[in-house]
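*Asks:* The file below is coords.json, JSON, C-alpha atoms and all ligand atoms:
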```json
[["chain", "number", "residue", "atom", "x", "y", "z"],
["A", 1, "MET", "CA", 3.90, -10.95, 22.43],
["A", 2, "GLU", "CA", 6.38, -9.33, 20.05],
["A", 3, "ARG", "CA", 6.61, -5.58, 19.86],
["A", 4, "VAL", "CA", 5.56, -4.17, 16.48],
["A", 5, "LEU", "CA", 6.49, -0.73, 15.16],
["A", 6, "ILE", "CA", 4.51, 0.92, 12.36],
["A", 7, "ILE", "CA", 6.15, 3.82, 10.53],
["A", 8, "GLY", "CA", 3.68, 5.96, 8.57],
["A", 9, "ALA", "CA", 0.84, 4.62, 10.73],
["A", 10, "ALA", "CA", -1.63, 7.40, 9.99],
["A", 11, "GLY", "CA", -1.55, 6.98, 6.20],
["A", 12, "GLN", "CA", -4.04, 5.25, 3.94],
["A", 13, "LEU", "CA", -2.80, 1.73, 4.63],
["A", 14, "GLY", "CA", -1.33, 2.44, 8.05],
["A", 15, "SER", "CA", -4.45, 3.61, 9.79],
["A", 16, "GLU", "CA", -6.28, 0.35, 9.06],
["A", 17, "LEU", "CA", -3.29, -1.96, 9.37],
["A", 18, "THR", "CA", -2.40, -0.47, 12.77],
["A", 19, "GLN", "CA", -5.86, -1.35, 14.11],
["A", 20, "ALA", "CA", -5.51, -4.91, 12.82],
["A", 21, "LEU", "CA", -2.03, -5.27, 14.36],
["A", 22, "ALA", "CA", -3.23, -3.89, 17.70],
["A", 23, "ASN", "CA", -6.02, -6.48, 17.67],
["A", 24, "ILE", "CA", -3.43, -9.23, 17.24],
["A", 25, "TYR", "CA", -0.46, -8.01, 19.31],
["A", 26, "GLY", "CA", -2.35, -5.86, 21.83],
["A", 27, "GLY", "CA", -2.30, -2.06, 22.15],
["A", 28, "ASP", "CA", 0.68, -2.18, 24.53],
["A", 29, "ASN", "CA", 2.82, -4.03, 22.00],
["A", 30, "THR", "CA", 1.81, -1.94, 18.98],
["A", 31, "ILE", "CA", 3.66, 1.33, 18.47],
["A", 32, "ALA", "CA", 2.15, 3.59, 15.85],
["A", 33, "THR", "CA", 4.36, 6.39, 14.58],
["A", 34, "ASP", "CA", 3.85, 9.15, 12.05],
["A", 35, "ILE", "CA", 5.45, 12.47, 11.19],
["A", 36, "ASN", "CA", 2.12, 14.24, 11.63],
["A", 37, "PRO", "CA", 1.26, 14.55, 15.37],
["A", 38, "GLN", "CA", -2.41, 15.35, 14.82],
["A", 39, "SER", "CA", -3.00, 12.31, 12.68],
["A", 40, "LEU", "CA", -1.95, 10.05, 15.55],
["A", 41, "GLU", "CA", -4.85, 11.15, 17.74],
["A", 42, "LYS", "CA", -7.26, 8.67, 16.20],
["A", 43, "LEU", "CA", -4.84, 5.78, 16.92],
["A", 44, "ASP", "CA", -5.42, 6.01, 20.68],
["A", 45, "PHE", "CA", -6.04, 2.25, 20.98],
["A", 46, "CYS", "CA", -2.26, 1.64, 20.90],
["A", 47, "LYS", "CA", 1.02, 3.36, 21.79],
["A", 48, "THR", "CA", 1.78, 6.36, 19.59],
["A", 49, "SER", "CA", 4.85, 8.46, 18.97],
["A", 50, "VAL", "CA", 5.71, 11.27, 16.57],
["A", 51, "LEU", "CA", 8.56, 10.04, 14.39],
["A", 52, "ASP", "CA", 10.30, 11.21, 11.24],
["A", 53, "VAL", "CA", 11.68, 8.10, 9.51],
["A", 54, "MET", "CA", 14.57, 10.21, 8.20],
["A", 55, "ASP", "CA", 15.69, 10.89, 11.78],
["A", 56, "LYS", "CA", 17.81, 7.77, 12.06],
["A", 57, "ASN", "CA", 18.85, 8.33, 15.65],
["A", 58, "ALA", "CA", 15.26, 8.71, 16.78],
["A", 59, "VAL", "CA", 14.16, 5.54, 14.95],
["A", 60, "ARG", "CA", 17.08, 3.54, 16.36],
["A", 61, "LYS", "CA", 16.41, 4.83, 19.89],
["A", 62, "LEU", "CA", 12.74, 3.91, 19.72],
["A", 63, "VAL", "CA", 13.47, 0.42, 18.38],
["A", 64, "LYS", "CA", 15.97, -0.24, 21.19],
["A", 65, "GLU", "CA", 14.02, 1.34, 24.04],
["A", 66, "GLU", "CA", 10.76, -0.35, 23.13],
["A", 67, "ASN", "CA", 12.40, -3.68, 22.28],
["A", 68, "VAL", "CA", 10.78, -3.67, 18.83],
["A", 69, "LYS", "CA", 10.98, -6.97, 16.93],
["A", 70, "GLN", "CA", 8.98, -6.22, 13.78],
["A", 71, "ILE", "CA", 8.78, -3.07, 11.67],
["A", 72, "TYR", "CA", 6.06, -2.20, 9.16],
["A", 73, "HIS", "CA", 7.70, 0.57, 7.15],
["A", 74, "LEU", "CA", 4.84, 2.27, 5.29],
["A", 75, "ALA", "CA", 6.05, 5.87, 4.98],
["A", 76, "ALA", "CA", 6.47, 6.86, 1.32],
["A", 77, "VAL", "CA", 5.75, 9.55, -1.24],
["A", 78, "LEU", "CA", 3.15, 8.13, -3.70],
["A", 79, "SER", "CA", 3.13, 8.31, -7.49],
["A", 80, "ALA", "CA", 1.41, 11.60, -8.35],
["A", 81, "THR", "CA", 3.01, 13.55, -5.48],
["A", 82, "GLY", "CA", 6.39, 12.04, -6.35],
["A", 83, "GLU", "CA", 6.29, 13.45, -9.88],
["A", 84, "LYS", "CA", 6.04, 16.96, -8.42],
["A", 85, "ASN", "CA", 9.26, 16.57, -6.45],
["A", 86, "PRO", "CA", 11.17, 13.57, -7.88],
["A", 87, "LEU", "CA", 14.43, 13.98, -5.96],
["A", 88, "PHE", "CA", 12.64, 14.32, -2.64],
["A", 89, "ALA", "CA", 10.52, 11.23, -3.41],
["A", 90, "TRP", "CA", 13.62, 9.21, -4.29],
["A", 91, "HIS", "CA", 15.46, 10.41, -1.22],
["A", 92, "LEU", "CA", 12.65, 9.66, 1.22],
["A", 93, "ASN", "CA", 11.55, 6.35, -0.30],
["A", 94, "MET", "CA", 15.04, 4.89, -0.74],
["A", 95, "GLU", "CA", 16.99, 6.29, 2.20],
["A", 96, "SER", "CA", 14.33, 5.24, 4.66],
["A", 97, "LEU", "CA", 14.12, 1.69, 3.30],
["A", 98, "LEU", "CA", 17.90, 1.22, 3.29],
["A", 99, "PHE", "CA", 18.11, 2.49, 6.83],
["A", 100, "ILE", "CA", 15.35, 0.15, 8.07],
["A", 101, "LEU", "CA", 16.99, -2.84, 6.35],
["A", 102, "GLU", "CA", 20.34, -1.93, 7.87],
["A", 103, "LEU", "CA", 18.74, -1.52, 11.29],
["A", 104, "ALA", "CA", 17.04, -4.92, 10.94],
["A", 105, "LYS", "CA", 20.42, -6.47, 10.19],
["A", 106, "GLU", "CA", 22.24, -4.75, 13.06],
["A", 107, "GLU", "CA", 19.54, -5.25, 15.68],
["A", 108, "LYS", "CA", 18.62, -8.74, 14.44],
["A", 109, "LEU", "CA", 14.94, -7.85, 14.13],
["A", 110, "ASP", "CA", 12.52, -10.71, 13.46],
["A", 111, "LYS", "CA", 10.59, -9.37, 10.47],
["A", 112, "ILE", "CA", 10.24, -6.33, 8.25],
["A", 113, "TYR", "CA", 7.28, -5.43, 6.07],
["A", 114, "TRP", "CA", 7.68, -2.99, 3.19],
["A", 115, "PRO", "CA", 5.01, -2.29, 0.57],
["A", 116, "SER", "CA", 5.79, -2.30, -3.12],
["A", 117, "SER", "CA", 3.29, -1.45, -5.86],
["A", 118, "ILE", "CA", 2.01, -2.02, -9.40],
["A", 119, "ALA", "CA", 4.06, 1.12, -10.07],
["A", 120, "VAL", "CA", 7.14, -1.13, -10.52],
["A", 121, "PHE", "CA", 5.71, -1.93, -13.95],
["A", 122, "GLY", "CA", 6.10, 0.33, -16.98],
["A", 123, "PRO", "CA", 4.99, 0.87, -20.58],
["A", 124, "ASN", "CA", 6.91, -2.18, -21.88],
["A", 125, "THR", "CA", 5.37, -4.56, -19.32],
["A", 126, "PRO", "CA", 2.66, -6.96, -20.59],
["A", 127, "LYS", "CA", -0.54, -5.10, -19.64],
["A", 128, "VAL", "CA", -3.04, -7.92, -19.15],
["A", 129, "ASN", "CA", -2.50, -10.49, -16.39],
["A", 130, "THR", "CA", 0.94, -9.03, -15.79],
["A", 131, "PRO", "CA", 3.19, -11.89, -14.64],
["A", 132, "GLN", "CA", 5.35, -11.91, -11.52],
["A", 133, "TYR", "CA", 8.53, -11.96, -13.60],
["A", 134, "CYS", "CA", 8.62, -9.71, -16.67],
["A", 135, "VAL", "CA", 10.08, -6.45, -18.02],
["A", 136, "LYS", "CA", 9.57, -3.64, -15.50],
["A", 137, "GLU", "CA", 11.09, -0.33, -16.68],
["A", 138, "PRO", "CA", 8.90, 1.93, -14.49],
["A", 139, "ASN", "CA", 8.79, 5.56, -15.60],
["A", 140, "THR", "CA", 7.67, 7.32, -12.42],
["A", 141, "VAL", "CA", 10.09, 8.15, -9.64],
["A", 142, "TYR", "CA", 7.77, 6.31, -7.25],
["A", 143, "GLY", "CA", 7.94, 3.20, -9.45],
["A", 144, "ILE", "CA", 11.71, 3.46, -9.83],
["A", 145, "SER", "CA", 12.09, 3.70, -6.05],
["A", 146, "LYS", "CA", 9.80, 0.68, -5.55],
["A", 147, "GLN", "CA", 11.69, -1.41, -8.09],
["A", 148, "ALA", "CA", 15.05, -0.51, -6.58],
["A", 149, "GLY", "CA", 13.59, -1.15, -3.13],
["A", 150, "GLU", "CA", 12.49, -4.63, -4.15],
["A", 151, "ARG", "CA", 16.02, -5.44, -5.26],
["A", 152, "TRP", "CA", 17.39, -4.19, -1.93],
["A", 153, "CYS", "CA", 14.86, -6.32, 0.00],
["A", 154, "GLU", "CA", 15.93, -9.46, -1.84],
["A", 155, "TYR", "CA", 19.59, -8.51, -1.37],
["A", 156, "TYR", "CA", 19.25, -8.09, 2.41],
["A", 157, "PHE", "CA", 17.38, -11.39, 2.64],
["A", 158, "GLN", "CA", 19.96, -13.30, 0.62],
["A", 159, "LYS", "CA", 23.14, -11.71, 1.96],
["A", 160, "PHE", "CA", 22.21, -11.01, 5.56],
["A", 161, "GLY", "CA", 19.16, -13.17, 6.28],
["A", 162, "VAL", "CA", 16.89, -10.21, 7.01],
["A", 163, "ASP", "CA", 13.33, -11.61, 6.97],
["A", 164, "VAL", "CA", 11.79, -8.88, 4.84],
["A", 165, "ARG", "CA", 8.44, -9.46, 3.12],
["A", 166, "SER", "CA", 6.63, -7.37, 0.55],
["A", 167, "LEU", "CA", 3.53, -7.09, -1.66],
["A", 168, "ARG", "CA", 3.02, -5.20, -4.91],
["A", 169, "TYR", "CA", -0.27, -3.57, -3.95],
["A", 170, "PRO", "CA", -2.74, -2.61, -6.62],
["A", 171, "GLY", "CA", -4.64, 0.66, -6.04],
["A", 172, "LEU", "CA", -5.95, 0.46, -2.47],
["A", 173, "ILE", "CA", -9.44, 1.72, -1.72],
["A", 174, "GLY", "CA", -10.65, 2.39, 1.80],
["A", 175, "TYR", "CA", -13.13, 4.78, 3.36],
["A", 176, "LYS", "CA", -11.24, 5.44, 6.61],
["A", 177, "SER", "CA", -8.69, 7.83, 5.13],
["A", 178, "LEU", "CA", -8.76, 10.54, 2.48],
["A", 179, "PRO", "CA", -7.01, 10.27, -0.91],
["A", 180, "GLY", "CA", -3.24, 10.36, -0.39],
["A", 181, "GLY", "CA", -1.61, 11.58, -3.62],
["A", 182, "GLY", "CA", -1.82, 8.36, -5.62],
["A", 183, "THR", "CA", -2.97, 7.91, -9.22],
["A", 184, "THR", "CA", -5.42, 5.22, -8.13],
["A", 185, "ASP", "CA", -6.89, 7.51, -5.47],
["A", 186, "TYR", "CA", -9.61, 8.77, -7.83],
["A", 187, "ALA", "CA", -11.36, 5.56, -6.78],
["A", 188, "VAL", "CA", -11.33, 6.76, -3.15],
["A", 189, "ASP", "CA", -12.40, 10.33, -3.92],
["A", 190, "ILE", "CA", -15.33, 9.26, -6.10],
["A", 191, "TYR", "CA", -17.22, 7.77, -3.11],
["A", 192, "HIS", "CA", -16.79, 10.98, -1.11],
["A", 193, "LYS", "CA", -18.23, 13.04, -3.98],
["A", 194, "ALA", "CA", -21.14, 10.64, -4.42],
["A", 195, "ILE", "CA", -22.28, 10.78, -0.80],
["A", 196, "ALA", "CA", -21.77, 14.59, -0.68],
["A", 197, "GLY", "CA", -24.16, 14.85, -3.66],
["A", 198, "GLU", "CA", -21.44, 16.45, -5.80],
["A", 199, "HIS", "CA", -20.46, 15.99, -9.42],
["A", 200, "PHE", "CA", -17.26, 13.95, -9.90],
["A", 201, "VAL", "CA", -14.55, 15.01, -12.32],
["A", 202, "SER", "CA", -12.29, 12.05, -13.09],
["A", 203, "PHE", "CA", -8.63, 12.84, -13.83],
["A", 204, "LEU", "CA", -8.46, 9.52, -15.76],
["A", 205, "SER", "CA", -10.37, 8.75, -18.95],
["A", 206, "GLU", "CA", -13.50, 6.60, -18.71],
["A", 207, "ASP", "CA", -11.90, 3.41, -20.03],
["A", 208, "THR", "CA", -8.63, 3.44, -18.04],
["A", 209, "TYR", "CA", -8.42, 0.04, -16.37],
["A", 210, "LEU", "CA", -6.23, -0.37, -13.28],
["A", 211, "PRO", "CA", -5.80, -3.24, -10.79],
["A", 212, "MET", "CA", -7.56, -2.36, -7.52],
["A", 213, "MET", "CA", -8.21, -3.83, -4.07],
["A", 214, "TYR", "CA", -10.53, -3.06, -1.17],
["A", 215, "MET", "CA", -8.69, -2.30, 2.06],
["A", 216, "PRO", "CA", -9.93, -5.32, 4.10],
["A", 217, "ASP", "CA", -8.41, -7.57, 1.43],
["A", 218, "ALA", "CA", -5.14, -5.61, 1.52],
["A", 219, "ILE", "CA", -4.96, -5.94, 5.31],
["A", 220, "LYS", "CA", -5.70, -9.65, 5.11],
["A", 221, "ALA", "CA", -3.02, -10.18, 2.43],
["A", 222, "THR", "CA", -0.46, -8.28, 4.49],
["A", 223, "LEU", "CA", -1.14, -10.25, 7.66],
["A", 224, "ASP", "CA", -1.33, -13.58, 5.79],
["A", 225, "LEU", "CA", 2.08, -12.90, 4.26],
["A", 226, "MET", "CA", 3.62, -11.72, 7.54],
["A", 227, "HIS", "CA", 2.28, -14.73, 9.43],
["A", 228, "ALA", "CA", 3.16, -17.30, 6.77],
["A", 229, "PRO", "CA", 5.90, -19.76, 7.77],
["A", 230, "LYS", "CA", 9.27, -18.54, 6.49],
["A", 231, "GLU", "CA", 9.68, -21.46, 4.09],
["A", 232, "LYS", "CA", 6.46, -20.51, 2.27],
["A", 233, "VAL", "CA", 7.68, -17.01, 1.46],
["A", 234, "LEU", "CA", 9.62, -17.91, -1.65],
["A", 235, "ILE", "CA", 9.69, -14.47, -3.25],
["A", 236, "ARG", "CA", 11.79, -11.94, -1.37],
["A", 237, "SER", "CA", 11.54, -9.05, -3.81],
["A", 238, "SER", "CA", 7.76, -8.54, -3.73],
["A", 239, "TYR", "CA", 4.66, -10.60, -4.57],
["A", 240, "ASN", "CA", 2.16, -9.67, -7.31],
["A", 241, "LEU", "CA", -1.23, -9.24, -5.62],
["A", 242, "SER", "CA", -4.63, -8.85, -7.19],
["A", 243, "ALA", "CA", -8.35, -8.70, -6.50],
["A", 244, "MET", "CA", -10.23, -6.76, -9.21],
["A", 245, "THR", "CA", -9.78, -4.43, -12.16],
["A", 246, "PHE", "CA", -12.15, -1.65, -13.26],
["A", 247, "SER", "CA", -12.31, 1.67, -15.09],
["A", 248, "PRO", "CA", -13.65, 5.06, -13.88],
["A", 249, "LYS", "CA", -16.81, 4.39, -15.91],
["A", 250, "GLU", "CA", -17.37, 1.05, -14.20],
["A", 251, "ILE", "CA", -16.88, 2.32, -10.65],
["A", 252, "PHE", "CA", -19.19, 5.24, -11.48],
["A", 253, "GLU", "CA", -21.85, 2.81, -12.67],
["A", 254, "SER", "CA", -21.52, 0.68, -9.55],
["A", 255, "ILE", "CA", -22.08, 3.80, -7.39],
["A", 256, "LYS", "CA", -24.94, 5.01, -9.58],
["A", 257, "THR", "CA", -27.00, 1.94, -8.74],
["A", 258, "HIS", "CA", -27.07, 3.30, -5.14],
["A", 259, "TYR", "CA", -27.06, 7.04, -6.00],
["A", 260, "PRO", "CA", -29.06, 7.37, -9.25],
["A", 261, "ASP", "CA", -28.49, 11.16, -9.51],
["A", 262, "PHE", "CA", -24.70, 10.90, -9.33],
["A", 263, "THR", "CA", -22.89, 12.44, -12.33],
["A", 264, "ILE", "CA", -19.35, 12.18, -13.74],
["A", 265, "SER", "CA", -17.22, 13.90, -16.37],
["A", 266, "TYR", "CA", -13.68, 13.12, -17.55],
["A", 267, "GLN", "CA", -10.75, 15.55, -17.62],
["A", 268, "PRO", "CA", -7.56, 13.52, -17.88],
["A", 269, "ASP", "CA", -4.46, 15.31, -16.57],
["A", 270, "PHE", "CA", -0.79, 14.30, -16.06],
["A", 271, "ARG", "CA", -1.92, 11.28, -14.05],
["A", 272, "GLN", "CA", -3.36, 9.70, -17.21],
["A", 273, "ALA", "CA", 0.17, 9.00, -18.47],
["A", 274, "ILE", "CA", 1.06, 7.37, -15.15],
["A", 275, "ALA", "CA", -2.04, 5.14, -15.29],
["A", 276, "ASP", "CA", -1.35, 4.29, -18.95],
["A", 277, "SER", "CA", 2.10, 3.01, -18.00],
["A", 278, "TRP", "CA", 0.67, 0.56, -15.41],
["A", 279, "PRO", "CA", -0.97, -2.85, -15.96],
["A", 280, "ASP", "CA", -4.71, -3.36, -16.50],
["A", 281, "SER", "CA", -4.70, -6.58, -14.48],
["A", 282, "ILE", "CA", -2.25, -8.70, -12.49],
["A", 283, "ASP", "CA", -1.44, -12.40, -12.31],
["A", 284, "ASP", "CA", -0.95, -13.14, -8.62],
["A", 285, "SER", "CA", -0.84, -16.94, -8.87],
["A", 286, "LYS", "CA", 2.46, -17.12, -6.95],
["A", 287, "ALA", "CA", 0.88, -15.51, -3.86],
["A", 288, "ARG", "CA", -2.09, -17.88, -4.17],
["A", 289, "GLU", "CA", 0.18, -20.94, -4.54],
["A", 290, "HIS", "CA", 2.87, -20.08, -1.98],
["A", 291, "TRP", "CA", 0.89, -18.85, 1.02],
["A", 292, "GLY", "CA", -2.74, -19.33, 0.07],
["A", 293, "TRP", "CA", -3.80, -15.79, -0.87],
["A", 294, "LYS", "CA", -7.51, -15.38, -1.67],
["A", 295, "HIS", "CA", -9.42, -12.13, -2.09],
["A", 296, "ALA", "CA", -12.97, -11.57, -0.87],
["A", 297, "TYR", "CA", -14.17, -8.31, -2.47],
["A", 298, "ASP", "CA", -15.16, -7.46, -6.04],
["A", 299, "LEU", "CA", -16.35, -4.03, -7.21],
["A", 300, "GLU", "CA", -20.01, -4.53, -6.36],
["A", 301, "LYS", "CA", -19.33, -5.86, -2.87],
["A", 302, "MET", "CA", -16.81, -3.08, -2.17],
["A", 303, "THR", "CA", -19.16, -0.32, -3.32],
["A", 304, "GLY", "CA", -21.97, -1.70, -1.18],
["A", 305, "ASP", "CA", -19.73, -1.83, 1.89],
["A", 306, "ILE", "CA", -18.24, 1.65, 1.41],
["A", 307, "LEU", "CA", -21.59, 3.30, 0.79],
["A", 308, "LYS", "CA", -22.95, 1.62, 3.90],
["A", 309, "HIS", "CA", -20.17, 2.89, 6.20],
["A", 310, "LEU", "CA", -18.75, 6.10, 4.75],
["A", 311, "PRO", "CA", -21.76, 8.40, 5.32],
["A", 312, "SER", "CA", -21.49, 7.97, 9.11],
["A", 313, "TYR", "CA", -17.68, 7.79, 9.31],
["A", 314, "SER", "CA", -16.05, 10.78, 11.03],
["A", 315, "PHE", "CA", -12.55, 11.91, 10.10],
["A", 401, "LIG", "N1", -1.75, 3.61, -5.23],
["A", 401, "LIG", "C1", -0.44, 4.00, -5.63],
["A", 401, "LIG", "C2", -0.44, 5.23, -6.41],
["A", 401, "LIG", "O1", -1.36, 5.45, -7.16],
["A", 401, "LIG", "C3", 0.19, 2.92, -6.43],
["A", 401, "LIG", "O2", 0.82, 2.04, -5.59],
["A", 401, "LIG", "O3", 0.49, 5.97, -6.33]]
```
What is this file in structure tokens?
Ligand code: SER
*Replies:*
Amino acid sequence: MERVLIIGAAGQLGSELTQALANIYGGDNTIATDINPQSLEKLDFCKTSVLDVMDKNAVRKLVKEENVKQIYHLAAVLSATGEKNPLFAWHLNMESLLFILELAKEEKLDKIYWPSSIAVFGPNTPKVNTPQYCVKEPNTVYGISKQAGERWCEYYFQKFGVDVRSLRYPGLIGYKSLPGGGTTDYAVDIYHKAIAGEHFVSFLSEDTYLPMMYMPDAIKATLDLMHAPKEKVLIRSSYNLSAMTFSPKEIFESIKTHYPDFTISYQPDFRQAIADSWPDSIDDSKAREHWGWKHAYDLEKMTGDILKHLPSYSF
């Protein structure tokens, strides 16, 4: 079995993807790394190591010593956090990607996974059923770094044959990790408030539609793409990916059918402008055509599943 390295393994996506990878490759062949030592404790079903992706020597050493063949590079500063420290977000998101691509080229690694996002789109992008190819012009530093990153991924594939694969995730919603500084993370927080019996204050207005996806679908999409035969992966920047779209009002209503006393109010803040610059919905027909992508969860099914599991989940 190939050795797989996950960088940023304890984050929102990482914690669930690492479990799925360990199930496939085995705990001994799955190396979960994160900058935060404490967060690695819950990943005790595989190998773990504290790692700062900006420490190039340490990353290189680990890749060589452990004979790593695939890297899932998930460490990044997300949209809302990025706006608070734009230069740091740019530095971390871009430097780390360029280094991993360079390492893949030098060490002839088999495959690299790097997540992109709906944040690559901007105010001049068509908002409904946003196509794969269209005007981007992102206006957050996170989005700018993702767009530039996509170009670098395609460049390394075309010029050096690095087998790098990527998805433009919509807002990801899971119950196994806490909100992580993203604009779409209100849709994670809202479930926590509902089961705690608290009032929810939404930082987005009631009718702000954003593309969203339940974590099991995101994990499935990632593994489907990574396991697709090379000739089926025809887009080497990043694939549009979609499952559902909803507003704060609609997710509130879906939770209220389970928790009738749940209440919400709306106090849009700086994140409203970020959300307004992103699409309402995404056309992901290329992913469906090229490697057979199919989602399983809509809003109702997701809410039912989260409210079933979250109350007894321990962090
Ligand atoms: N979920 C991310 C964010 O809101 C977008 O990719 O920052």
*Asks:* Can you tell me, as a ChimeraX atom specification, what residues are no more than 10 Å from A:Ala273 when counting all atoms listed in the file, ignoring any on the same chain fewer than 6 positions away?
*Replies:* /A:123,139-140,183,204
*Asks:* Taking all atoms of stretch 294-307 of chain A that the file lists, what box with edges along x, y and z, padded by 8 Å per side, do you get, with centre and edge lengths in Å to one decimal, as lines of an AutoDock Vina configuration file?
*Replies:*
```
center_x = -14.7
center_y = -6.0
center_z = -2.7
size_x = 30.5
size_y = 34.7
size_z = 25.1
```
*Asks:* Taking all atoms listed in the file into account, report as a ChimeraX atom specification which residues have an atom no farther than 10 Å from an atom of ligand LIG 401 (chain A).
*Replies:* /A:12,76-82,115-120,140,142-143,146,168-173,179-187,210-213,271,274-275,278
*Asks:* Just how far from atom CA of A:Tyr239 is atom CA of A:Gly26, in Å to one decimal?
*Replies:*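 Rounded to one decimal, the two atoms are 27.7 Å apart.
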*Asks:* Counting only C-alpha atoms, what are the residues of stretch 109-204 of chain A within 8 Å of stretch 280-286 of chain A, and for each of them which pair of atoms is the nearest and at what distance in Å, to one decimal? Sort the table by chain and rising number, as a tab-separated table.
*Replies:*
```
residue	atom	partner	partner_atom	distance
A:Lys127	CA	A:Asp280	CA	5.5
A:Val128	CA	A:Ser281	CA	5.1
A:Asn129	CA	A:Ile282	CA	4.3
A:Thr130	CA	A:Ile282	CA	4.6
A:Pro131	CA	A:Asp283	CA	5.2
A:Gln132	CA	A:Asp283	CA	6.9
```
*Asks:* For A:Asn67, which residue among A:Ala22, A:Leu241, A:Ile112, A:Met1 is the nearest when counting only C-alpha atoms?
*Replies:* A:Met1
*Asks:* With all atoms listed in the file as the atoms that count, which of A:Asn36, A:Gln19, A:Tyr214, A:Gly122 lies nearest to A:Pro138?
*Replies:*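 Of all the options, A:Gly122 lies closest to A:Pro138.
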*Asks:* Report the distance between atom CA of A:Pro311 and atom CA of A:Ile264 in Å, rounded to one decimal place.
*Replies:*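 Pair atom CA of A:Pro311 / atom CA of A:Ile264 returns 19.6 Å.
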*Asks:* In Å to one decimal, how far is atom CA of A:Pro248 from atom CA of A:Tyr266?
*Replies:*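 Distance between the two atoms: 8.9 Å.
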*Asks:* For A:Phe262, which residue among A:Leu17, A:Met244, A:Ile195, A:Ile306 is the nearest when counting all atoms listed in the file?
*Replies:*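 Of A:Leu17, A:Met244, A:Ile195, A:Ile306, the one nearest A:Phe262 is A:Ile195, counting all atoms listed in the file.
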*Asks:* Taking all atoms listed in the file into account, name the residue in A:Met94, A:Met226, A:Leu310, A:Leu178 that is nearest to A:Val4.
*Replies:*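 The answer is A:Met226, which sits nearest to A:Val4.
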*Asks:* Which residue out of A:Thr222, A:Ser312, A:Thr125, A:Ser202 has the minimum interatomic distance to A:Ser238 when only C-alpha atoms are used?
*Replies:* A:Thr222
*Asks:* Which of these residues is nearest to A:Asp298, using only C-alpha atoms: A:Glu231, A:Asp217, A:Asp269, A:Glu150?
*Replies:*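 Using only C-alpha atoms, the shortest distance to A:Asp298 belongs to A:Asp217.
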*Asks:* Which residues are near A:Tyr155? Cut-off 10 Å, all atoms listed in the file, ignore same chain within fewer than 6 positions. Put them as a list in words.
*Replies:*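 After dropping sequence-adjacent residues, the list is Leu101, Gly149, Gly161, Val162, Val164, Arg236 and Ser237 of chain A.
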*Asks:* Would you kindly identify which residues have an atom no farther than 8 Å from (1.4, 0.3, 20.5), using only C-alpha atoms and the file's own coordinates, and write them out as a VMD selection string?
*Replies:* chain A and resid 3 to 5 22 26 to 32 45 to 48
